[in-house]
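Dumped work08.cif below, it's mmCIF, C-alpha atoms and all ligand atoms:
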```
data_my_file
#
loop_
_atom_site.label_atom_id
_atom_site.label_comp_id
_atom_site.auth_asym_id
_atom_site.auth_seq_id
_atom_site.Cartn_x
_atom_site.Cartn_y
_atom_site.Cartn_z
CA MET A 1 11.48 -18.27 -10.04
CA LEU A 2 10.33 -14.64 -10.13
CA PRO A 3 7.41 -13.94 -7.77
CA ALA A 4 4.69 -11.64 -9.17
CA LYS A 5 5.12 -8.06 -7.94
CA ALA A 6 3.35 -4.78 -8.64
CA PHE A 7 5.19 -1.66 -9.78
CA HIS A 8 3.64 1.76 -9.07
CA ILE A 9 4.65 5.20 -10.33
CA PRO A 10 2.72 8.47 -10.76
CA PRO A 11 0.60 8.54 -13.95
CA VAL A 12 2.50 11.63 -15.15
CA LEU A 13 6.16 12.50 -14.53
CA ILE A 14 7.74 15.60 -16.06
CA PHE A 15 11.49 15.94 -15.60
CA GLY A 16 13.83 18.65 -16.86
CA SER A 17 15.16 22.17 -16.32
CA GLY A 18 12.28 24.65 -16.40
CA ALA A 19 9.63 21.91 -15.94
CA SER A 20 7.96 23.79 -13.06
CA GLU A 21 6.82 26.53 -15.46
CA ARG A 22 4.41 23.97 -16.91
CA VAL A 23 2.45 23.71 -13.67
CA GLY A 24 -0.39 25.96 -14.93
CA GLU A 25 -1.11 24.00 -18.09
CA GLU A 26 -0.67 20.68 -16.24
CA SER A 27 -3.23 21.77 -13.62
CA ARG A 28 -5.64 22.69 -16.41
CA LYS A 29 -5.27 19.19 -17.89
CA LEU A 30 -6.48 17.74 -14.58
CA GLY A 31 -9.69 19.76 -14.98
CA VAL A 32 -9.25 21.52 -11.64
CA GLU A 33 -9.94 25.13 -10.72
CA LYS A 34 -8.42 26.10 -7.40
CA GLY A 35 -5.38 24.63 -5.72
CA LEU A 36 -3.99 24.79 -2.22
CA ILE A 37 -0.20 25.13 -2.32
CA ILE A 38 1.49 23.30 0.56
CA THR A 39 4.91 24.81 1.23
CA ASP A 40 7.08 26.59 3.80
CA GLU A 41 8.01 30.19 4.52
CA VAL A 42 11.70 29.70 3.66
CA LEU A 43 10.86 28.83 0.07
CA ILE A 44 8.46 31.77 -0.18
CA ASN A 45 11.18 34.12 1.09
CA LEU A 46 13.71 32.67 -1.37
CA GLY A 47 11.27 33.54 -4.18
CA ILE A 48 11.09 29.92 -5.34
CA LEU A 49 7.29 30.10 -5.56
CA ASP A 50 7.21 33.22 -7.72
CA SER A 51 7.49 31.52 -11.12
CA ILE A 52 5.06 28.78 -10.02
CA LYS A 53 2.45 31.33 -8.94
CA ARG A 54 2.95 33.19 -12.21
CA ALA A 55 2.44 30.02 -14.24
CA LEU A 56 -0.78 29.24 -12.36
CA SER A 57 -2.12 32.76 -12.88
CA GLN A 58 -1.31 32.70 -16.60
CA ALA A 59 -3.31 29.47 -16.92
CA LYS A 60 -6.13 31.10 -14.90
CA VAL A 61 -5.83 28.53 -12.13
CA GLN A 62 -6.69 30.03 -8.75
CA PHE A 63 -4.74 29.15 -5.63
CA ALA A 64 -4.43 29.65 -1.89
CA ILE A 65 -1.32 28.94 0.19
CA TYR A 66 -0.66 26.95 3.37
CA SER A 67 2.93 27.68 4.37
CA GLY A 68 2.97 26.24 7.88
CA VAL A 69 5.26 23.24 7.21
CA PHE A 70 8.25 24.45 9.22
CA THR A 71 9.54 21.10 10.55
CA GLU A 72 9.15 17.45 9.62
CA PRO A 73 5.41 16.82 9.05
CA THR A 74 3.09 16.44 12.01
CA VAL A 75 -0.55 15.49 12.51
CA GLU A 76 -1.21 19.18 13.28
CA PHE A 77 0.13 20.32 9.87
CA VAL A 78 -2.18 17.82 8.18
CA GLN A 79 -5.18 19.06 10.20
CA GLU A 80 -4.37 22.75 9.57
CA GLY A 81 -3.76 22.15 5.87
CA LEU A 82 -7.03 20.22 5.54
CA LYS A 83 -8.91 23.05 7.26
CA THR A 84 -7.32 25.66 4.96
CA TYR A 85 -8.20 23.49 1.93
CA LYS A 86 -11.87 23.34 2.91
CA GLN A 87 -12.13 27.01 3.95
CA ASN A 88 -10.78 28.14 0.57
CA GLY A 89 -13.03 25.92 -1.54
CA CYS A 90 -10.08 24.21 -3.27
CA ASP A 91 -10.33 21.15 -5.52
CA PHE A 92 -6.68 20.06 -5.78
CA LEU A 93 -3.35 20.25 -3.94
CA LEU A 94 0.05 21.41 -5.09
CA ALA A 95 3.08 20.59 -2.93
CA VAL A 96 6.18 22.72 -3.42
CA GLY A 97 9.14 21.89 -1.20
CA GLY A 98 11.29 19.14 0.25
CA GLY A 99 10.03 15.87 1.68
CA SER A 100 8.18 17.60 4.54
CA ALA A 101 5.85 19.70 2.36
CA ILE A 102 5.27 16.78 0.00
CA ASP A 103 4.58 14.26 2.78
CA THR A 104 2.14 16.70 4.41
CA ALA A 105 0.30 17.24 1.11
CA LYS A 106 0.08 13.48 0.44
CA ALA A 107 -1.59 12.98 3.81
CA ILE A 108 -4.01 15.91 3.27
CA ALA A 109 -4.95 14.58 -0.20
CA VAL A 110 -6.28 11.31 1.25
CA MET A 111 -7.83 12.96 4.31
CA VAL A 112 -10.14 15.02 2.06
CA THR A 113 -11.82 11.81 0.91
CA ASN A 114 -11.42 9.49 3.91
CA VAL A 115 -13.08 9.76 7.32
CA GLY A 116 -11.36 10.08 10.70
CA SER A 117 -7.82 11.29 11.27
CA ILE A 118 -4.49 10.44 9.62
CA GLU A 119 -3.42 8.45 12.72
CA ASP A 120 -6.17 5.93 11.86
CA TYR A 121 -4.25 4.91 8.74
CA MET A 122 -0.79 4.23 10.23
CA GLY A 123 0.81 1.18 8.62
CA LEU A 124 0.56 -0.31 5.17
CA ASN A 125 -2.50 -0.41 2.90
CA LYS A 126 -4.98 0.87 5.49
CA ILE A 127 -6.39 3.77 3.42
CA PRO A 128 -9.77 2.77 1.89
CA LYS A 129 -10.19 5.49 -0.78
CA GLY A 130 -8.02 7.39 -3.25
CA GLY A 131 -7.42 11.08 -2.54
CA ILE A 132 -7.97 14.30 -4.48
CA PRO A 133 -5.60 15.31 -7.32
CA LEU A 134 -2.11 16.20 -6.11
CA ILE A 135 0.74 17.70 -8.13
CA VAL A 136 4.17 17.72 -6.46
CA ILE A 137 7.15 19.91 -7.28
CA PRO A 138 10.21 18.92 -5.23
CA THR A 139 12.84 21.56 -4.39
CA THR A 140 15.49 19.16 -3.06
CA ALA A 141 17.12 16.18 -4.77
CA GLY A 142 16.79 13.45 -2.22
CA THR A 143 13.67 12.14 -0.51
CA GLY A 144 11.97 10.79 -3.64
CA SER A 145 8.66 11.53 -1.92
CA GLU A 146 7.31 12.94 -5.20
CA VAL A 147 6.98 9.40 -6.56
CA THR A 148 6.60 7.12 -3.54
CA GLN A 149 3.61 5.44 -1.96
CA PHE A 150 4.73 6.47 1.54
CA THR A 151 4.35 9.41 3.87
CA ILE A 152 5.89 9.83 7.31
CA ILE A 153 3.84 11.93 9.73
CA THR A 154 4.85 12.53 13.34
CA ASP A 155 2.18 11.99 15.96
CA THR A 156 3.44 14.62 18.42
CA LYS A 157 1.15 13.41 21.23
CA ARG A 158 2.70 9.92 21.25
CA ASP A 159 6.10 11.03 19.84
CA VAL A 160 5.84 8.43 17.09
CA LYS A 161 6.95 8.81 13.49
CA MET A 162 4.09 7.09 11.68
CA LEU A 163 4.94 5.34 8.42
CA ILE A 164 1.85 5.27 6.21
CA GLY A 165 2.01 3.36 2.94
CA SER A 166 -0.60 2.98 0.20
CA PRO A 167 -0.68 3.26 -3.60
CA PHE A 168 -3.34 5.95 -2.96
CA LEU A 169 -0.54 8.18 -1.64
CA ILE A 170 1.21 8.33 -5.01
CA PRO A 171 0.71 11.82 -6.47
CA GLN A 172 -1.17 12.23 -9.78
CA GLU A 173 1.74 14.14 -11.20
CA ALA A 174 5.35 14.91 -10.31
CA ILE A 175 7.01 17.92 -11.94
CA VAL A 176 10.73 17.64 -11.26
CA ASP A 177 12.74 20.75 -12.11
CA PRO A 178 16.48 20.69 -11.32
CA LEU A 179 16.66 24.51 -11.56
CA LEU A 180 14.72 24.66 -8.27
CA THR A 181 17.63 22.95 -6.50
CA LEU A 182 20.27 25.55 -7.48
CA SER A 183 19.79 27.50 -4.25
CA MET A 184 20.21 24.46 -1.98
CA PRO A 185 23.09 25.10 0.43
CA ARG A 186 26.03 22.68 0.43
CA GLY A 187 25.03 20.83 3.59
CA LEU A 188 21.53 20.16 2.26
CA THR A 189 22.90 19.09 -1.14
CA ALA A 190 25.19 16.59 0.60
CA ALA A 191 22.58 15.21 3.02
CA THR A 192 19.74 14.86 0.50
CA GLY A 193 22.13 13.39 -2.09
CA ILE A 194 23.30 10.68 0.30
CA ASP A 195 19.71 9.99 1.32
CA ALA A 196 18.93 9.35 -2.35
CA LEU A 197 22.03 7.19 -2.81
CA THR A 198 20.98 5.18 0.25
CA HIS A 199 17.51 4.65 -1.27
CA ALA A 200 19.06 3.27 -4.46
CA ILE A 201 21.58 1.02 -2.68
CA GLU A 202 19.08 -0.33 -0.16
CA ALA A 203 16.42 -0.95 -2.83
CA TYR A 204 19.03 -2.88 -4.86
CA VAL A 205 20.27 -5.15 -2.04
CA SER A 206 16.85 -5.54 -0.37
CA VAL A 207 15.36 -9.01 -0.16
CA LYS A 208 12.31 -7.33 -1.78
CA ALA A 209 14.27 -6.17 -4.85
CA GLN A 210 12.56 -6.81 -8.19
CA PRO A 211 13.78 -6.57 -11.80
CA MET A 212 11.83 -3.38 -12.54
CA SER A 213 13.27 -1.52 -9.56
CA ASP A 214 16.80 -2.89 -10.17
CA ILE A 215 17.06 -0.84 -13.39
CA PHE A 216 16.23 2.36 -11.53
CA CYS A 217 18.63 1.49 -8.69
CA LEU A 218 21.69 1.00 -10.88
CA SER A 219 21.00 4.09 -12.96
CA ALA A 220 20.44 6.16 -9.80
CA ILE A 221 23.66 4.90 -8.16
CA GLU A 222 25.64 5.82 -11.28
CA LEU A 223 24.04 9.27 -11.61
CA ILE A 224 24.32 10.24 -7.95
CA SER A 225 27.82 8.87 -7.26
CA GLY A 226 29.07 10.40 -10.52
CA ASN A 227 27.62 13.88 -9.99
CA LEU A 228 27.00 14.63 -6.31
CA ARG A 229 30.57 15.83 -5.68
CA GLN A 230 30.28 18.30 -8.55
CA ALA A 231 26.83 19.55 -7.45
CA TRP A 232 28.24 20.01 -3.93
CA SER A 233 31.43 21.75 -5.17
CA ASN A 234 29.53 24.23 -7.32
CA GLY A 235 25.81 24.59 -6.68
CA ASN A 236 25.38 26.38 -10.03
CA ASN A 237 26.69 23.42 -12.04
CA ILE A 238 23.40 22.79 -13.83
CA GLU A 239 24.47 19.53 -15.46
CA ALA A 240 25.51 18.08 -12.08
CA ARG A 241 22.25 19.34 -10.49
CA GLU A 242 20.21 17.75 -13.30
CA LYS A 243 21.93 14.39 -13.07
CA THR A 244 21.80 14.30 -9.27
CA MET A 245 18.09 15.12 -9.29
CA LEU A 246 17.36 12.56 -11.99
CA GLY A 247 19.20 10.00 -9.84
CA ALA A 248 17.19 10.99 -6.76
CA LEU A 249 13.95 10.64 -8.73
CA GLN A 250 14.95 7.19 -9.99
CA ALA A 251 16.01 6.16 -6.48
CA GLY A 252 12.57 7.20 -5.20
CA ILE A 253 10.85 5.05 -7.83
CA ALA A 254 13.17 2.18 -6.88
CA PHE A 255 12.61 2.10 -3.13
CA SER A 256 8.88 2.78 -3.43
CA ASN A 257 8.61 -0.50 -5.35
CA SER A 258 11.32 -2.48 -3.54
CA SER A 259 12.08 -1.22 -0.02
CA VAL A 260 14.69 0.39 2.16
CA ALA A 261 16.64 -1.75 4.63
CA LEU A 262 18.94 -1.64 7.66
CA VAL A 263 20.38 1.87 7.15
CA HIS A 264 16.94 3.48 7.14
CA GLY A 265 15.77 1.29 10.01
CA MET A 266 18.74 2.41 12.13
CA SER A 267 18.66 5.99 10.90
CA ARG A 268 15.17 6.89 12.15
CA PRO A 269 16.04 6.42 15.88
CA VAL A 270 19.19 8.57 15.43
CA GLY A 271 16.92 11.31 14.07
CA ALA A 272 14.33 10.82 16.81
CA TYR A 273 16.70 10.78 19.81
CA PHE A 274 19.46 13.16 18.64
CA HIS A 275 17.58 15.42 16.18
CA VAL A 276 19.95 14.65 13.33
CA ALA A 277 18.61 15.37 9.82
CA HIS A 278 17.53 12.25 7.93
CA GLY A 279 20.17 12.37 5.19
CA VAL A 280 22.95 13.08 7.68
CA SER A 281 21.98 10.18 9.94
CA ASN A 282 21.89 7.89 6.87
CA ALA A 283 25.37 9.09 5.91
CA THR A 284 26.78 8.32 9.36
CA LEU A 285 25.52 4.73 9.01
CA LEU A 286 25.80 3.87 5.31
CA GLY A 287 29.52 2.98 5.31
CA VAL A 288 29.52 0.70 8.35
CA VAL A 289 26.21 -0.93 7.45
CA THR A 290 27.52 -1.65 3.93
CA GLU A 291 30.66 -3.30 5.37
CA PHE A 292 28.46 -5.36 7.68
CA SER A 293 25.89 -6.33 5.04
CA LEU A 294 27.96 -7.12 1.97
CA ILE A 295 28.60 -10.79 2.76
CA GLY A 296 24.82 -11.27 2.59
CA ASN A 297 24.85 -10.57 -1.16
CA PRO A 298 28.40 -9.87 -2.42
CA THR A 299 27.36 -10.12 -6.07
CA ARG A 300 24.96 -7.20 -5.72
CA TYR A 301 27.47 -5.07 -3.79
CA ALA A 302 30.11 -5.85 -6.46
CA ARG A 303 27.64 -4.58 -9.08
CA ILE A 304 27.19 -1.41 -7.02
CA ALA A 305 30.99 -0.84 -7.16
CA LYS A 306 30.79 -1.10 -10.95
CA ALA A 307 27.86 1.38 -11.06
CA MET A 308 30.01 3.72 -8.98
CA ARG A 309 32.58 3.52 -11.81
CA GLU A 310 35.18 1.67 -9.73
CA ASN A 311 37.58 -0.55 -11.65
CA VAL A 312 36.46 -4.05 -10.68
CA GLU A 313 37.83 -5.95 -13.68
CA ARG A 314 40.58 -7.96 -12.00
CA LEU A 315 38.87 -8.25 -8.64
CA THR A 316 37.06 -11.16 -7.06
CA ILE A 317 33.40 -10.63 -6.22
CA LEU A 318 34.22 -10.08 -2.54
CA GLU A 319 37.03 -7.64 -3.33
CA ALA A 320 34.67 -5.68 -5.59
CA ALA A 321 31.99 -5.67 -2.86
CA ASP A 322 34.60 -4.30 -0.41
CA LEU A 323 35.43 -1.62 -2.95
CA ALA A 324 31.76 -0.52 -2.99
CA ALA A 325 31.96 0.13 0.76
CA LYS A 326 35.23 2.08 0.34
CA SER A 327 33.79 4.10 -2.52
CA ILE A 328 30.69 5.03 -0.50
CA LYS A 329 32.82 6.10 2.47
CA ARG A 330 35.06 8.22 0.27
CA LEU A 331 32.08 10.02 -1.29
CA ILE A 332 30.63 10.83 2.15
CA LYS A 333 34.04 12.11 3.29
CA ASP A 334 34.57 14.19 0.15
CA ILE A 335 31.31 16.10 0.62
CA LYS A 336 32.11 16.69 4.28
CA ILE A 337 29.05 15.24 5.99
CA PRO A 338 29.73 15.55 9.71
CA SER A 339 30.19 12.45 11.84
CA LEU A 340 28.02 11.76 14.92
CA GLN A 341 30.95 12.98 17.02
CA GLN A 342 31.22 16.23 15.05
CA LEU A 343 27.47 16.72 15.39
CA GLY A 344 27.94 16.77 19.16
CA VAL A 345 26.19 13.48 19.83
CA ASP A 346 27.04 12.51 23.40
CA LYS A 347 28.84 9.13 23.48
CA ALA A 348 27.52 8.18 26.92
CA LYS A 349 23.96 9.00 25.87
CA LEU A 350 24.36 6.97 22.67
CA ASP A 351 25.71 3.97 24.62
CA LYS A 352 22.79 4.20 27.03
CA LEU A 353 20.13 4.59 24.33
CA ALA A 354 21.61 2.11 21.81
CA PRO A 355 19.60 -0.93 23.07
CA GLN A 356 16.33 1.03 22.78
CA MET A 357 17.37 2.44 19.39
CA ALA A 358 18.14 -1.09 18.16
CA GLU A 359 14.68 -2.24 19.29
CA ASP A 360 13.04 0.75 17.54
CA ALA A 361 15.01 -0.01 14.38
CA ILE A 362 13.90 -3.66 14.35
CA ALA A 363 10.28 -2.64 15.10
CA SER A 364 10.23 -0.39 12.00
CA GLY A 365 10.42 -3.50 9.84
CA SER A 366 13.10 -2.10 7.48
CA PRO A 367 16.03 -4.19 8.88
CA ALA A 368 14.14 -7.37 7.92
CA ASN A 369 14.72 -6.39 4.25
CA ASN A 370 18.51 -6.35 4.68
CA PRO A 371 20.59 -8.94 2.82
CA ARG A 372 22.34 -9.80 6.10
CA GLN A 373 19.91 -10.07 8.99
CA ALA A 374 21.12 -8.19 12.05
CA THR A 375 20.53 -9.16 15.68
CA LYS A 376 19.81 -6.54 18.31
CA GLU A 377 23.39 -6.90 19.62
CA GLU A 378 24.82 -6.45 16.13
CA ILE A 379 22.77 -3.29 15.62
CA ILE A 380 24.03 -1.90 18.94
CA GLY A 381 27.58 -2.68 17.76
CA LEU A 382 26.93 -0.88 14.45
CA TYR A 383 25.72 2.27 16.26
CA LYS A 384 28.96 2.24 18.26
CA LEU A 385 31.07 1.68 15.15
CA ALA A 386 29.26 4.51 13.35
CA TYR A 387 30.14 6.84 16.22
CA LEU A 388 33.84 6.12 15.73
CA GLN A 389 33.74 7.05 11.99
FE FE A 401 15.45 8.26 3.08
#
```

Could you write out this file's structure as structure tokens?
Ligand SMILES: [Fe+2]
Amino acid sequence: MLPAKAFHIPPVLIFGSGASERVGEESRKLGVEKGLIITDEVLINLGILDSIKRALSQAKVQFAIYSGVFTEPTVEFVQEGLKTYKQNGCDFLLAVGGGSAIDTAKAIAVMVTNVGSIEDYMGLNKIPKGGIPLIVIPTTAGTGSEVTQFTIITDTKRDVKMLIGSPFLIPQEAIVDPLLTLSMPRGLTAATGIDALTHAIEAYVSVKAQPMSDIFCLSAIELISGNLRQAWSNGNNIEAREKTMLGALQAGIAFSNSSVALVHGMSRPVGAYFHVAHGVSNATLLGVVTEFSLIGNPTRYARIAKAMRENVERLTILEAADLAAKSIKRLIKDIKIPSLQQLGVDKAKLDKLAPQMAEDAIASGSPANNPRQATKEEIIGLYKLAYLQ
């Protein structure tokens, strides 16, 4: 029996090389007049905003800029951005950047129309009203934030990464332009690419998987695993950049409508306690967590091996599932994502913190979606195994 499930995506999605040049006309279609661009200084200095600003001016759409998103999003960024929005008399938001700029803008968009502070809406489906129009233009191929119903905002006073989920957080429009990712350095290409692959794999094996998201998962796994090495090897390989970004977009749609699972649950504490970037911490865990989880749903992991273009024809289901884990590990090794050891994570500190990290992981709720349920002791063991990779 198939339980009834909703499937949410932005009303408008534009994908393709050069898509960002359409931002002016797309803004006009929304009937808006002045936008606040949420971005960061690095992108401004790289000149990535130049063509976007030009397109807005040509369409006679006014804009102001908030470029204060210099780390992962915080409550303060949301407050500052909201203040800038009001001071400049804006009527829509435009996020240009990686997951941080986009997550910040998503939170501001709903705080224009809802009372109180963003902390009041921590958790799922707590936001009463839809936000103002928001167009997002991602500059990395990974987080999928341009299409998801989630935002993660850090409450710096309590040191808590708040997960906020609501269909009201889905942007009105996502303009996804692979040409904007050409300047991503190798390390960022690798980390964001593995984050996207993790989204697709976890959404596919999740106990919350649904037929609509399955299609996006398998396509994303094929696109990312088949093109990430090439995008990493030569950042100017436009075809590889296009296919990797399309995969990341599809993976975002998939996990927004299914869920993530144990890797993401375990990854957040690694980021919080050791300041490891999200994609990198996922990469340090994905191989060992796949090996651990595959007996929970070997058929699905065997299908992942096939999507990764492994030859599974003469293999049993379990052998093919094992091959998926091997294939994932090889990809991570090929694109040289550093291990926890290479990142300088202190083994004694990890051993000491592992019980707390395991509790934090379980509390996030994501491990409950895993095909093999993990006990606290098993999660501690997985952190230790990941360190030895
Ligand atoms: Fe992620």

(message) For a quick check of understanding, using only C-alpha atoms, which of A:Leu56, A:Val260, A:Val75, A:Ala174 has the smallest distance to Ser366 of chain A?
(response)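 Checking each of A:Leu56, A:Val260, A:Val75, A:Ala174 against Ser366 of chain A, counting only C-alpha atoms, the winner is A:Val260.
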
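Closest to Leu228 of chain A among A:Asp120, A:Asp177, A:Glu146, A:Asp334 is A:Asp334, based on all atoms listed in the file.
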
(request) Return the single residue from A:Pro367, A:Gly193, A:Gly344, A:Gly116 that is closest to ligand FE 401 (chain A), with distances computed using all atoms listed in the file. (result)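 That would be A:Gly193, the residue with the smallest distance to ligand FE 401 (chain A).
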
(message) For a quick check of understanding, using all atoms listed in the file, which of A:Ile65, A:Leu286, A:Ile14, A:Leu134 has the smallest distance to ligand FE 401 (chain A)?
(response) A:Leu286

What are the closest atom pairs, with distances in Å to one decimal, for each residue of chain A lying within 9 Å of ligand FE 401 (chain A), using all atoms listed in the file, rows by chain and rising residue number, as CSV?
```
residue,atom,partner,partner_atom,distance
A:Gly142,CA,A:FE401,FE,7.5
A:Thr143,CA,A:FE401,FE,5.6
A:Gly144,CA,A:FE401,FE,8.0
A:Thr192,CA,A:FE401,FE,8.3
A:Ile194,CA,A:FE401,FE,8.7
A:Asp195,CA,A:FE401,FE,4.9
A:Ala196,CA,A:FE401,FE,6.5
A:Leu197,CA,A:FE401,FE,8.9
A:Thr198,CA,A:FE401,FE,6.9
A:His199,CA,A:FE401,FE,6.0
A:Gly252,CA,A:FE401,FE,8.8
A:Val260,CA,A:FE401,FE,8.0
A:His264,CA,A:FE401,FE,6.4
A:Ser267,CA,A:FE401,FE,8.8
A:His278,CA,A:FE401,FE,6.6
A:Gly279,CA,A:FE401,FE,6.6
A:Asn282,CA,A:FE401,FE,7.5
```

Contacts of Lys29 of chain A within 12 Å, only C-alpha atoms, excl. fewer than 4 positions in-chain, as a PDB file with C-alpha atoms, in the frame of the given file:
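Here's the written file selection.pdb:
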```pdb
ATOM      1  CA  VAL A  12       2.500  11.630 -15.150  1.00  0.00           C
ATOM      2  CA  ARG A  22       4.410  23.970 -16.910  1.00  0.00           C
ATOM      3  CA  VAL A  23       2.450  23.710 -13.670  1.00  0.00           C
ATOM      4  CA  GLY A  24      -0.390  25.960 -14.930  1.00  0.00           C
ATOM      5  CA  GLU A  25      -1.110  24.000 -18.090  1.00  0.00           C
ATOM      6  CA  GLU A  33      -9.940  25.130 -10.720  1.00  0.00           C
ATOM      7  CA  ALA A  59      -3.310  29.470 -16.920  1.00  0.00           C
ATOM      8  CA  VAL A  61      -5.830  28.530 -12.130  1.00  0.00           C
ATOM      9  CA  PRO A 133      -5.600  15.310  -7.320  1.00  0.00           C
ATOM     10  CA  ILE A 135       0.740  17.700  -8.130  1.00  0.00           C
ATOM     11  CA  GLN A 172      -1.170  12.230  -9.780  1.00  0.00           C
ATOM     12  CA  GLU A 173       1.740  14.140 -11.200  1.00  0.00           C
TER      13      GLU A 173
END
```

(message) For a test of reading the model, state the distance in Å between atom CA of Asp155 of chain A and atom CA of Ile118 of chain A, rounded to one decimal.
(response)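 Atom CA of Asp155 of chain A sits 9.3 Å away from atom CA of Ile118 of chain A.
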
(message) Nearest residue to Val270 of chain A out of A:Ile337, A:Ile152, A:Leu353, A:Ala254, using only C-alpha atoms?
(response) A:Leu353

(request) Report the distance between atom CA of Ile153 of chain A and atom CA of Thr74 of chain A in Å, rounded to one decimal place. (result) 5.1 Å

Listed atoms of segment 163-182 of chain A, axis-aligned box, 5 Å per side: centre and edge lengths to one decimal in Å, as AutoDock Vina command-line options?
```
--center_x 8.5 --center_y 14.3 --center_z -1.8 --size_x 33.6 --size_y 32.6 --size_z 30.5
```

(request) For atom CA of Asp50 of chain A and atom CA of Trp232 of chain A, determine how far apart the two atoms are, in Å to one decimal place. (result)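 Going from atom CA of Asp50 of chain A over to atom CA of Trp232 of chain A covers 25.1 Å.
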